[in-house]
>>> print(open('run-v6.pdb').read())   # PDB, C-alpha atoms
ATOM      1  CA  MET A   1      -6.137  -6.536 -15.890
ATOM      2  CA  ARG A   2      -3.335  -6.288 -13.400
ATOM      3  CA  VAL A   3      -0.737  -3.585 -12.929
ATOM      4  CA  ARG A   4       2.175  -5.571 -14.253
ATOM      5  CA  THR A   5       3.705  -6.568 -17.556
ATOM      6  CA  ARG A   6       3.802 -10.282 -18.110
ATOM      7  CA  LEU A   7       3.282 -11.856 -21.475
ATOM      8  CA  ALA A   8       5.255  -9.423 -23.616
ATOM      9  CA  ALA A   9       8.825  -8.417 -22.748
ATOM     10  CA  GLY A  10       8.393  -8.791 -18.994
ATOM     11  CA  ALA A  11       9.198 -11.722 -17.014
ATOM     12  CA  VAL A  12       0.124 -12.451 -12.079
ATOM     13  CA  GLY A  13      -2.024 -14.433  -8.470
ATOM     14  CA  ALA A  14      -5.299 -13.604  -7.237
ATOM     15  CA  LEU A  15      -8.673 -13.706  -8.910
ATOM     16  CA  THR A  16      -8.819  -9.910  -8.915
ATOM     17  CA  LEU A  17      -6.633  -8.938 -11.872
ATOM     18  CA  ALA A  18      -6.732  -5.148 -12.022
ATOM     19  CA  GLY A  19      -4.865  -2.294 -13.643
ATOM     20  CA  LEU A  20      -2.900  -2.707 -16.850
ATOM     21  CA  LEU A  21      -1.156  -5.866 -17.995
ATOM     22  CA  THR A  22       0.879  -4.720 -20.975
ATOM     23  CA  GLY A  23       0.827  -7.198 -23.814
ATOM     24  CA  CYS A  24      -1.783  -9.358 -22.148
ATOM     25  CA  GLY A  25      -5.122  -7.968 -23.258
ATOM     26  CA  ASP A  26      -8.579  -8.678 -21.986
ATOM     27  CA  ALA A  27     -10.034 -12.125 -21.571
ATOM     28  CA  GLY A  28     -11.156 -13.505 -24.898
ATOM     29  CA  SER A  29     -14.039 -15.703 -25.893
ATOM     30  CA  SER A  30     -13.578 -19.297 -24.921
ATOM     31  CA  GLY A  31     -12.895 -21.741 -27.699
ATOM     32  CA  THR A  32     -10.267 -24.276 -28.620
ATOM     33  CA  ASP A  33      -8.079 -23.774 -31.672
ATOM     34  CA  ALA A  34      -5.165 -25.600 -33.164
ATOM     35  CA  PRO A  35      -1.901 -23.947 -32.086
ATOM     36  CA  GLN A  36       0.425 -22.345 -34.601
ATOM     37  CA  GLN A  37       3.026 -25.063 -34.140
ATOM     38  CA  GLY A  38       2.135 -28.614 -35.125
ATOM     39  CA  ALA A  39       2.200 -31.283 -32.445
ATOM     40  CA  SER A  40       3.027 -34.923 -33.057
ATOM     41  CA  GLY A  41       2.602 -37.728 -30.589
ATOM     42  CA  ALA A  42      -0.299 -38.691 -28.339
ATOM     43  CA  GLY A  43       0.110 -35.955 -25.743
ATOM     44  CA  CYS A  44      -1.580 -35.907 -22.342
ATOM     45  CA  ALA A  45      -5.355 -35.596 -22.090
ATOM     46  CA  PRO A  46      -6.679 -33.318 -19.301
ATOM     47  CA  VAL A  47      -7.336 -34.792 -15.860
ATOM     48  CA  ALA A  48      -9.911 -33.078 -13.645
ATOM     49  CA  GLY A  49      -9.073 -32.224 -10.050
ATOM     50  CA  ASP A  50      -9.601 -29.596  -7.364
ATOM     51  CA  GLN A  51      -5.954 -28.931  -6.512
ATOM     52  CA  LEU A  52      -3.690 -26.994  -8.874
ATOM     53  CA  VAL A  53       0.101 -27.215  -8.853
ATOM     54  CA  VAL A  54       2.669 -25.130 -10.729
ATOM     55  CA  LEU A  55       5.254 -26.886 -12.864
ATOM     56  CA  ASP A  56       8.785 -25.719 -12.139
ATOM     57  CA  ASP A  57      10.222 -23.344 -14.755
ATOM     58  CA  ASP A  58      13.502 -25.255 -14.764
ATOM     59  CA  LYS A  59      14.921 -23.541 -17.874
ATOM     60  CA  LYS A  60      13.978 -20.052 -16.663
ATOM     61  CA  LEU A  61      11.518 -18.931 -19.317
ATOM     62  CA  GLN A  62      10.141 -16.206 -17.038
ATOM     63  CA  ASN A  63      11.974 -13.175 -15.703
ATOM     64  CA  THR A  64      12.354 -12.555 -11.967
ATOM     65  CA  ASP A  65       9.349 -10.629 -10.663
ATOM     66  CA  ASN A  66      10.158 -10.658  -6.958
ATOM     67  CA  ILE A  67       8.322  -8.336  -4.587
ATOM     68  CA  ILE A  68      10.497  -5.295  -3.786
ATOM     69  CA  PRO A  69       9.790  -2.034  -1.930
ATOM     70  CA  ALA A  70       9.985   1.138  -4.051
ATOM     71  CA  VAL A  71      10.683   4.370  -2.159
ATOM     72  CA  ASN A  72      10.868   8.021  -3.122
ATOM     73  CA  ALA A  73      14.597   8.780  -2.866
ATOM     74  CA  LYS A  74      14.096  11.852  -0.671
ATOM     75  CA  VAL A  75      12.623   9.800   2.202
ATOM     76  CA  ALA A  76      14.778   6.685   1.762
ATOM     77  CA  LYS A  77      16.450   6.868   5.183
ATOM     78  CA  PRO A  78      18.275   3.774   6.472
ATOM     79  CA  GLN A  79      15.675   3.098   9.195
ATOM     80  CA  LEU A  80      12.803   3.305   6.710
ATOM     81  CA  LEU A  81      14.497   0.939   4.273
ATOM     82  CA  ALA A  82      15.393  -1.451   7.089
ATOM     83  CA  ALA A  83      11.746  -1.612   8.196
ATOM     84  CA  LEU A  84      10.591  -2.368   4.658
ATOM     85  CA  ASP A  85      13.324  -4.960   4.267
ATOM     86  CA  LYS A  86      11.848  -6.789   7.292
ATOM     87  CA  VAL A  87       8.755  -7.391   5.172
ATOM     88  CA  SER A  88      10.899  -8.675   2.311
ATOM     89  CA  ALA A  89      12.735 -11.028   4.639
ATOM     90  CA  ALA A  90       9.460 -12.465   5.965
ATOM     91  CA  LEU A  91       7.956 -13.255   2.560
ATOM     92  CA  ASP A  92       8.381 -16.134   0.181
ATOM     93  CA  THR A  93       6.059 -17.377  -2.549
ATOM     94  CA  PRO A  94       4.177 -19.960  -0.418
ATOM     95  CA  LYS A  95       3.507 -17.285   2.214
ATOM     96  CA  LEU A  96       2.352 -14.861  -0.464
ATOM     97  CA  ILE A  97       0.009 -17.519  -1.826
ATOM     98  CA  ALA A  98      -1.392 -17.984   1.685
ATOM     99  CA  LEU A  99      -1.886 -14.225   2.078
ATOM    100  CA  ASN A 100      -3.737 -14.089  -1.234
ATOM    101  CA  LYS A 101      -5.867 -17.064  -0.230
ATOM    102  CA  ALA A 102      -6.787 -15.304   3.024
ATOM    103  CA  VAL A 103      -8.080 -12.305   1.074
ATOM    104  CA  ASP A 104      -9.352 -13.726  -2.210
ATOM    105  CA  VAL A 105     -10.676 -17.092  -1.067
ATOM    106  CA  ASP A 106     -11.339 -16.721   2.661
ATOM    107  CA  ARG A 107     -12.594 -13.123   2.186
ATOM    108  CA  LYS A 108     -10.559 -11.439   4.904
ATOM    109  CA  THR A 109      -9.668  -7.792   4.412
ATOM    110  CA  PRO A 110      -6.103  -7.007   3.297
ATOM    111  CA  LYS A 111      -5.575  -5.222   6.611
ATOM    112  CA  ALA A 112      -6.751  -8.220   8.670
ATOM    113  CA  ALA A 113      -4.678 -10.673   6.618
ATOM    114  CA  ALA A 114      -1.598  -8.467   7.012
ATOM    115  CA  GLU A 115      -2.087  -8.122  10.771
ATOM    116  CA  GLU A 116      -2.399 -11.898  11.201
ATOM    117  CA  PHE A 117       0.725 -12.461   9.096
ATOM    118  CA  ALA A 118       2.712  -9.844  10.994
ATOM    119  CA  SER A 119       1.794 -11.407  14.322
ATOM    120  CA  ALA A 120       2.541 -14.968  13.200
ATOM    121  CA  ASN A 121       5.896 -14.025  11.670
ATOM    122  CA  GLY A 122       7.244 -11.562  14.263
ATOM    123  CA  LEU A 123       7.338  -8.864  11.629
ATOM    124  CA  THR A 124       7.960  -5.920  13.950
ATOM    125  CA  SER A 125      10.550  -7.618  16.159
ATOM    126  CA  GLY A 126      13.822  -5.701  16.184
ATOM    127  CA  ILE A 127      12.670  -2.804  13.999
ATOM    128  CA  ALA A 128      14.630   0.348  14.934
ATOM    129  CA  LYS A 129      12.918   3.699  15.287
ATOM    130  CA  GLY A 130      13.449   6.124  12.442
ATOM    131  CA  PRO A 131      13.170   9.925  12.353
ATOM    132  CA  GLY A 132       9.391   9.705  12.097
ATOM    133  CA  GLY A 133       7.124  11.786   9.927
ATOM    134  CA  GLN A 134       4.225  11.258   7.567
ATOM    135  CA  ILE A 135       4.472   8.418   5.057
ATOM    136  CA  VAL A 136       1.893   7.559   2.401
ATOM    137  CA  VAL A 137       2.100   3.974   1.177
ATOM    138  CA  GLY A 138       0.519   3.587  -2.239
ATOM    139  CA  ALA A 139      -1.222   0.423  -3.369
ATOM    140  CA  GLY A 140      -2.249  -0.796  -6.781
ATOM    141  CA  ASN A 141      -5.874  -1.593  -7.480
ATOM    142  CA  PHE A 142      -5.675  -5.324  -6.796
ATOM    143  CA  SER A 143      -5.775  -7.206  -3.526
ATOM    144  CA  GLU A 144      -2.198  -8.511  -3.417
ATOM    145  CA  SER A 145      -0.790  -4.989  -3.678
ATOM    146  CA  GLN A 146      -3.184  -3.788  -0.982
ATOM    147  CA  THR A 147      -2.135  -6.565   1.396
ATOM    148  CA  LEU A 148       1.548  -5.830   0.806
ATOM    149  CA  ALA A 149       0.890  -2.133   1.427
ATOM    150  CA  GLU A 150      -0.687  -3.051   4.776
ATOM    151  CA  LEU A 151       2.414  -5.066   5.686
ATOM    152  CA  TYR A 152       4.544  -2.011   4.887
ATOM    153  CA  ASN A 153       2.180   0.041   7.048
ATOM    154  CA  ILE A 154       2.746  -2.284  10.008
ATOM    155  CA  ALA A 155       6.535  -2.270   9.640
ATOM    156  CA  LEU A 156       6.804   1.497   9.157
ATOM    157  CA  THR A 157       4.468   2.210  12.064
ATOM    158  CA  ALA A 158       6.739   0.087  14.253
ATOM    159  CA  ALA A 159       9.646   2.246  13.037
ATOM    160  CA  GLY A 160       7.896   5.372  14.340
ATOM    161  CA  TYR A 161       6.314   6.749  11.162
ATOM    162  CA  GLN A 162       2.754   8.016  10.829
ATOM    163  CA  VAL A 163       1.483   5.910   7.955
ATOM    164  CA  LYS A 164      -1.494   6.178   5.623
ATOM    165  CA  VAL A 165      -2.273   3.516   3.002
ATOM    166  CA  GLN A 166      -3.809   4.919  -0.161
ATOM    167  CA  GLN A 167      -5.097   2.890  -3.097
ATOM    168  CA  ILE A 168      -3.902   4.680  -6.218
ATOM    169  CA  GLY A 169      -4.720   2.543  -9.264
ATOM    170  CA  ASN A 170      -2.448   1.217 -11.956
ATOM    171  CA  ARG A 171       1.269   1.859 -12.347
ATOM    172  CA  GLU A 172       0.732   4.619 -14.893
ATOM    173  CA  LEU A 173      -1.016   6.548 -12.124
ATOM    174  CA  TYR A 174       1.062   5.741  -9.057
ATOM    175  CA  GLU A 175       4.600   5.782 -10.474
ATOM    176  CA  PRO A 176       4.541   9.531 -11.293
ATOM    177  CA  SER A 177       3.148  10.143  -7.785
ATOM    178  CA  LEU A 178       6.058   8.166  -6.351
ATOM    179  CA  GLU A 179       8.574  10.211  -8.351
ATOM    180  CA  LYS A 180       6.979  13.479  -7.178
ATOM    181  CA  GLY A 181       6.824  12.357  -3.541
ATOM    182  CA  GLU A 182       3.016  12.513  -3.399
ATOM    183  CA  ILE A 183       3.307   8.939  -2.182
ATOM    184  CA  GLN A 184       6.524   7.757  -0.612
ATOM    185  CA  VAL A 185       6.423   3.952  -0.712
ATOM    186  CA  VAL A 186       4.799   1.314  -2.907
ATOM    187  CA  PRO A 187       5.191  -2.473  -3.210
ATOM    188  CA  GLU A 188       6.653  -3.323  -6.603
ATOM    189  CA  TYR A 189       7.690  -6.234  -8.833
ATOM    190  CA  ALA A 190      11.327  -6.265  -9.887
ATOM    191  CA  ALA A 191      11.247  -7.264 -13.564
ATOM    192  CA  THR A 192       8.020  -5.458 -14.398
ATOM    193  CA  MET A 193       9.067  -2.209 -12.740
ATOM    194  CA  ALA A 194      12.480  -2.381 -14.403
ATOM    195  CA  GLU A 195      10.827  -2.657 -17.816
ATOM    196  CA  PHE A 196       8.283   0.059 -16.989
ATOM    197  CA  LEU A 197      11.009   2.541 -16.087
ATOM    198  CA  ASN A 198      13.143   1.384 -19.022
ATOM    199  CA  THR A 199      10.446   1.924 -21.635
ATOM    200  CA  LYS A 200       9.288   5.153 -20.008
ATOM    201  CA  ALA A 201      12.804   6.567 -20.329
ATOM    202  CA  ASN A 202      13.888   4.934 -23.581
ATOM    203  CA  GLY A 203      10.715   4.290 -25.569
ATOM    204  CA  LYS A 204       8.389   1.338 -25.982
ATOM    205  CA  ASP A 205      10.877  -0.518 -28.180
ATOM    206  CA  ALA A 206      13.775  -0.226 -25.705
ATOM    207  CA  THR A 207      15.939  -3.317 -25.278
ATOM    208  CA  PRO A 208      14.664  -5.243 -22.224
ATOM    209  CA  VAL A 209      16.782  -4.901 -19.093
ATOM    210  CA  SER A 210      15.195  -7.563 -16.863
ATOM    211  CA  SER A 211      16.486 -11.104 -16.663
ATOM    212  CA  PRO A 212      15.712 -14.559 -15.282
ATOM    213  CA  GLU A 213      18.599 -13.834 -12.869
ATOM    214  CA  LEU A 214      17.419 -11.802  -9.868
ATOM    215  CA  ASP A 215      20.724  -9.998  -9.278
ATOM    216  CA  LYS A 216      20.807  -8.778 -12.871
ATOM    217  CA  THR A 217      17.187  -7.649 -12.761
ATOM    218  CA  VAL A 218      17.625  -5.751  -9.479
ATOM    219  CA  SER A 219      20.829  -4.119 -10.707
ATOM    220  CA  ALA A 220      19.017  -2.885 -13.815
ATOM    221  CA  LEU A 221      16.023  -1.805 -11.718
ATOM    222  CA  LYS A 222      18.154   0.255  -9.351
ATOM    223  CA  SER A 223      19.953   1.867 -12.272
ATOM    224  CA  GLU A 224      16.652   2.892 -13.857
ATOM    225  CA  GLY A 225      15.338   3.996 -10.461
ATOM    226  CA  ASP A 226      18.284   6.288  -9.841
ATOM    227  CA  LYS A 227      17.327   8.242 -12.962
ATOM    228  CA  ALA A 228      13.728   8.620 -11.737
ATOM    229  CA  GLY A 229      14.473   9.489  -8.105
ATOM    230  CA  ILE A 230      13.259   6.108  -6.830
ATOM    231  CA  THR A 231      15.203   3.912  -4.407
ATOM    232  CA  PHE A 232      14.563   0.192  -4.017
ATOM    233  CA  GLY A 233      14.937  -1.952  -0.934
ATOM    234  CA  THR A 234      15.874  -5.613  -0.718
ATOM    235  CA  PRO A 235      13.832  -7.990  -2.894
ATOM    236  CA  SER A 236      11.868 -10.706  -1.167
ATOM    237  CA  ALA A 237      11.939 -14.360  -2.130
ATOM    238  CA  ALA A 238       8.243 -14.036  -3.035
ATOM    239  CA  GLN A 239       7.485 -13.921  -6.734
ATOM    240  CA  ASP A 240       4.324 -13.165  -8.679
ATOM    241  CA  GLN A 241       4.890 -13.943 -12.326
ATOM    242  CA  ASN A 242       3.629 -16.078 -15.204
ATOM    243  CA  ALA A 243       3.482 -19.760 -14.327
ATOM    244  CA  PHE A 244       1.967 -22.877 -15.850
ATOM    245  CA  ALA A 245      -0.298 -25.035 -13.714
ATOM    246  CA  VAL A 246      -1.869 -28.459 -13.995
ATOM    247  CA  THR A 247      -4.113 -30.361 -11.628
ATOM    248  CA  LYS A 248      -2.296 -32.465  -9.059
ATOM    249  CA  ALA A 249      -4.127 -35.457 -10.502
ATOM    250  CA  PHE A 250      -2.678 -34.644 -13.953
ATOM    251  CA  ALA A 251       0.832 -34.218 -12.543
ATOM    252  CA  ASP A 252       0.566 -37.500 -10.651
ATOM    253  CA  LYS A 253      -0.829 -39.439 -13.633
ATOM    254  CA  TYR A 254       1.919 -38.312 -15.996
ATOM    255  CA  SER A 255       4.726 -37.958 -13.386
ATOM    256  CA  LEU A 256       5.336 -34.259 -14.011
ATOM    257  CA  LYS A 257       7.262 -31.801 -11.855
ATOM    258  CA  THR A 258       8.849 -29.427 -14.347
ATOM    259  CA  LEU A 259       8.074 -27.797 -17.674
ATOM    260  CA  SER A 260      10.820 -29.968 -19.143
ATOM    261  CA  ASP A 261       8.823 -33.013 -17.964
ATOM    262  CA  LEU A 262       5.729 -31.564 -19.627
ATOM    263  CA  ALA A 263       7.537 -31.061 -22.904
ATOM    264  CA  ALA A 264       9.121 -34.502 -22.883
ATOM    265  CA  LYS A 265       6.004 -36.456 -21.919
ATOM    266  CA  CYS A 266       3.032 -34.384 -23.070
ATOM    267  CA  SER A 267       3.814 -32.779 -26.405
ATOM    268  CA  GLY A 268       1.097 -34.124 -28.674
ATOM    269  CA  LYS A 269      -2.456 -33.929 -29.972
ATOM    270  CA  ASP A 270      -4.343 -34.704 -26.734
ATOM    271  CA  THR A 271      -2.703 -31.896 -24.762
ATOM    272  CA  VAL A 272      -4.792 -28.716 -24.374
ATOM    273  CA  LEU A 273      -3.045 -25.477 -23.378
ATOM    274  CA  ALA A 274      -5.289 -22.744 -21.916
ATOM    275  CA  GLY A 275      -4.531 -19.043 -21.590
ATOM    276  CA  PRO A 276      -5.390 -15.569 -22.879
ATOM    277  CA  PRO A 277      -6.054 -15.051 -26.596
ATOM    278  CA  GLU A 278      -2.602 -13.609 -27.293
ATOM    279  CA  CYS A 279      -0.750 -16.474 -25.547
ATOM    280  CA  PRO A 280       0.232 -18.298 -28.776
ATOM    281  CA  GLN A 281       2.236 -15.280 -29.964
ATOM    282  CA  ARG A 282       3.745 -14.208 -26.625
ATOM    283  CA  PRO A 283       7.362 -15.048 -25.715
ATOM    284  CA  LYS A 284       6.403 -15.650 -22.071
ATOM    285  CA  CYS A 285       3.466 -17.895 -22.973
ATOM    286  CA  GLN A 286       2.994 -20.508 -25.728
ATOM    287  CA  ALA A 287       5.651 -19.114 -28.062
ATOM    288  CA  GLY A 288       8.144 -19.255 -25.188
ATOM    289  CA  LEU A 289       7.146 -22.803 -24.285
ATOM    290  CA  VAL A 290       7.889 -23.825 -27.857
ATOM    291  CA  GLU A 291      11.181 -21.935 -28.105
ATOM    292  CA  VAL A 292      12.634 -22.712 -24.675
ATOM    293  CA  TYR A 293      11.137 -26.140 -23.941
ATOM    294  CA  ASP A 294      10.123 -27.453 -27.383
ATOM    295  CA  PHE A 295       6.671 -28.064 -25.900
ATOM    296  CA  LYS A 296       3.943 -28.428 -28.519
ATOM    297  CA  ALA A 297       0.343 -28.646 -27.421
ATOM    298  CA  GLY A 298      -2.235 -30.297 -29.621
ATOM    299  CA  SER A 299      -4.710 -27.431 -29.217
ATOM    300  CA  PHE A 300      -5.049 -24.048 -27.551
ATOM    301  CA  SER A 301      -8.086 -22.950 -25.535
ATOM    302  CA  SER A 302      -8.541 -19.162 -25.647
ATOM    303  CA  LEU A 303      -9.731 -18.116 -22.184
ATOM    304  CA  ASP A 304      -8.280 -15.549 -19.739
ATOM    305  CA  ALA A 305      -4.957 -14.534 -18.197
ATOM    306  CA  GLY A 306      -4.674 -16.548 -15.007
ATOM    307  CA  GLY A 307      -8.319 -15.945 -14.187
ATOM    308  CA  PRO A 308     -11.332 -18.073 -13.268
ATOM    309  CA  GLN A 309     -11.920 -19.354 -16.804
ATOM    310  CA  THR A 310      -8.479 -20.919 -17.106
ATOM    311  CA  LYS A 311      -8.494 -22.345 -13.595
ATOM    312  CA  ASN A 312     -11.992 -23.783 -14.086
ATOM    313  CA  ALA A 313     -10.887 -25.403 -17.360
ATOM    314  CA  LEU A 314      -8.056 -27.134 -15.520
ATOM    315  CA  LYS A 315     -10.228 -28.255 -12.615
ATOM    316  CA  THR A 316     -13.041 -29.573 -14.806
ATOM    317  CA  GLY A 317     -10.722 -31.458 -17.112
ATOM    318  CA  THR A 318     -11.109 -29.419 -20.296
ATOM    319  CA  ALA A 319      -7.519 -28.117 -20.281
ATOM    320  CA  SER A 320      -4.297 -30.004 -19.601
ATOM    321  CA  VAL A 321      -2.104 -27.038 -18.653
ATOM    322  CA  GLY A 322      -2.908 -23.352 -18.193
ATOM    323  CA  LEU A 323      -1.297 -19.996 -17.619
ATOM    324  CA  VAL A 324      -1.710 -18.838 -14.019
ATOM    325  CA  PHE A 325       0.139 -16.448 -11.741
ATOM    326  CA  SER A 326       2.614 -17.902  -9.302
ATOM    327  CA  SER A 327       1.170 -16.319  -6.141
ATOM    328  CA  ASP A 328      -2.490 -17.095  -6.854
ATOM    329  CA  GLY A 329      -4.409 -17.971  -3.714
ATOM    330  CA  ALA A 330      -6.016 -20.842  -5.630
ATOM    331  CA  LEU A 331      -2.633 -22.588  -5.547
ATOM    332  CA  ALA A 332      -2.758 -22.913  -1.751
ATOM    333  CA  THR A 333      -2.974 -26.490  -0.536
ATOM    334  CA  SER A 334      -5.912 -27.359   1.689
TER     335      SER A 334
END
>>> encode(input="run-v6.pdb", output="structure tokens")
Amino acid sequence: MRVRTRLAAGAVGALTLAGLLTGCGDAGSSGTDAPQQGASGAGCAPVAGDQLVVLDDDKKLQNTDNIIPAVNAKVAKPQLLAALDKVSAALDTPKLIALNKAVDVDRKTPKAAAEEFASANGLTSGIAKGPGGQIVVGAGNFSESQTLAELYNIALTAAGYQVKVQQIGNRELYEPSLEKGEIQVVPEYAATMAEFLNTKANGKDATPVSSPELDKTVSALKSEGDKAGITFGTPSAAQDQNAFAVTKAFADKYSLKTLSDLAAKCSGKDTVLAGPPECPQRPKCQAGLVEVYDFKAGSFSSLDAGGPQTKNALKTGTASVGLVFSSDGALATS
């Protein structure tokens, strides 16, 4: 599973989910069960289709997991942060989806995808030279993190640093290395990192500090980072967080754009929700859809967390709506 917290207290998308996804668990056996909450009404039967679209989270069920550079405080010079902030300024979610598609679907290397993006978006234009020196950029063990690390490499190299990208593993491995200065920079996710540092300092039952509001999440993140010797740059507009997708054909048939539309038009017995086994109990999955949107599916299909099983169920018409991750390369339009 991936390096970030999603379905529990935290606010995930390529096919390569790696690391640790707290509160998510491993993919379960497929099978369709009645959800905990009863559903009345006809609902919306699945509609097969090749193109997936994300329904807008208009009531802000998920927390803000924007991409943000994390830097060991001892090397966080203004020129270094400014170079990393150039990457943040160049990214939004559609561009992140395209980067993930280049790697996970088109099979380019993270380095090649990053170089093409940097060239197309003028990434190094106007970057000021810093004091130089050796910088190790850490990457998590999934392709999106590796591509982001390569973008940081390009920006920091343009700023005059000698950069090495090193794949570390999951957050439990790389965060202590970041604190100690064994690595100096790593791409992070605002809400998930805020909760990681919060629970590390205050215990697993600590009151959550992240929020659906980006400013509040980043403020809490920087406060937690100050205690750990970690500085954070400017968040990008790009997000990678829980999202709920349907086929475009399904959205068109039932005139859906938002999760509120889904709840209003598709609560009922024919609607099949797909996701990981723990989704029915998780506040950022089915339980949250019920609480925030009053959406009640007719049945739940126990598959995986934003992986190939869930996406295949949507495309083949065996699931109406499924949990995906908002930057998944499979969401790219052809």
>>> closest_atom_pairs(input="run-v6.pdb", of="region 91-162 of chain A", to="region 174-195 of chain A", cutoff="7 Å", atoms="only C-alpha atoms", output="tab-separated table")
residue	atom	partner	partner_atom	distance
A:Ile135	CA	A:Gln184	CA	6.1
A:Val136	CA	A:Ile183	CA	5.0
A:Val137	CA	A:Val185	CA	4.7
A:Gly138	CA	A:Val186	CA	4.9
A:Ala139	CA	A:Val186	CA	6.1
A:Ser145	CA	A:Pro187	CA	6.5
A:Leu148	CA	A:Pro187	CA	6.4
A:Ala149	CA	A:Pro187	CA	6.3
>>> resolve_selection(input="run-v6.pdb", expression="the PyMOL selection byres ((chain A and resi 67) around 10)", output="PyMOL selection string")
chain A and resi 64-66+68-70+87-88+91-93+96+145+148+187-191+233-240
>>> residues_around(input="run-v6.pdb", residues="Ala251 (chain A)", least_positions_apart="2", cutoff="10 Å", atoms="only C-alpha atoms", output="JSON, numbers by chain")
{"A": [47, 52, 53, 54, 55, 245, 246, 247, 248, 249, 253, 254, 255, 256, 257, 258, 261, 262, 320, 321]}
>>> closest_residue(input="run-v6.pdb", among="A:Lys164, A:Asn63, A:Lys296, A:Leu84", to="Pro208 (chain A)", atoms="all atoms listed in the file")
A:Asn63
>>> residues_around(input="run-v6.pdb", residues="Pro212 (chain A)", least_positions_apart="4", cutoff="8 Å", atoms="all atoms listed in the file", output="number ranges by chain")
A: 11, 60-64, 217
>>> residues_near_point(input="run-v6.pdb", point="(15.2, -0.8, -23.4)", cutoff="12 Å", atoms="only C-alpha atoms", output="list in words")
Ala9, Gly10, Ala194, Glu195, Phe196, Leu197, Asn198, Thr199, Lys200, Ala201, Asn202, Gly203, Lys204, Asp205, Ala206, Thr207, Pro208, Val209, Ser210, Ala220, Leu221 and Glu224 of chain A
>>> residues_around(input="run-v6.pdb", residues="Glu150 (chain A)", least_positions_apart="4", cutoff="8 Å", atoms="all atoms listed in the file", output="PyMOL selection string")
chain A and resi 110-111+114-115+146+154+165
>>> atom_distance(input="run-v6.pdb", atom1="CA of Phe117 (chain A)", atom2="CA of Gly306 (chain A)")
25.0 Å
>>> atom_distance(input="run-v6.pdb", atom1="CA of Leu323 (chain A)", atom2="CA of Ala243 (chain A)")
5.8 Å
>>> atom_distance(input="run-v6.pdb", atom1="CA of Gly132 (chain A)", atom2="CA of Ala158 (chain A)")
10.2 Å
>>> residues_around(input="run-v6.pdb", residues="Thr109 (chain A)", least_positions_apart="2", cutoff="12 Å", atoms="all atoms listed in the file", output="ChimeraX atom specification")
/A:99-107,111-116,143-144,146-148,150
>>> closest_residue(input="run-v6.pdb", among="A:Gly122, A:Pro277, A:Pro131, A:Gly43", to="Ala263 (chain A)", atoms="only C-alpha atoms")
A:Gly43
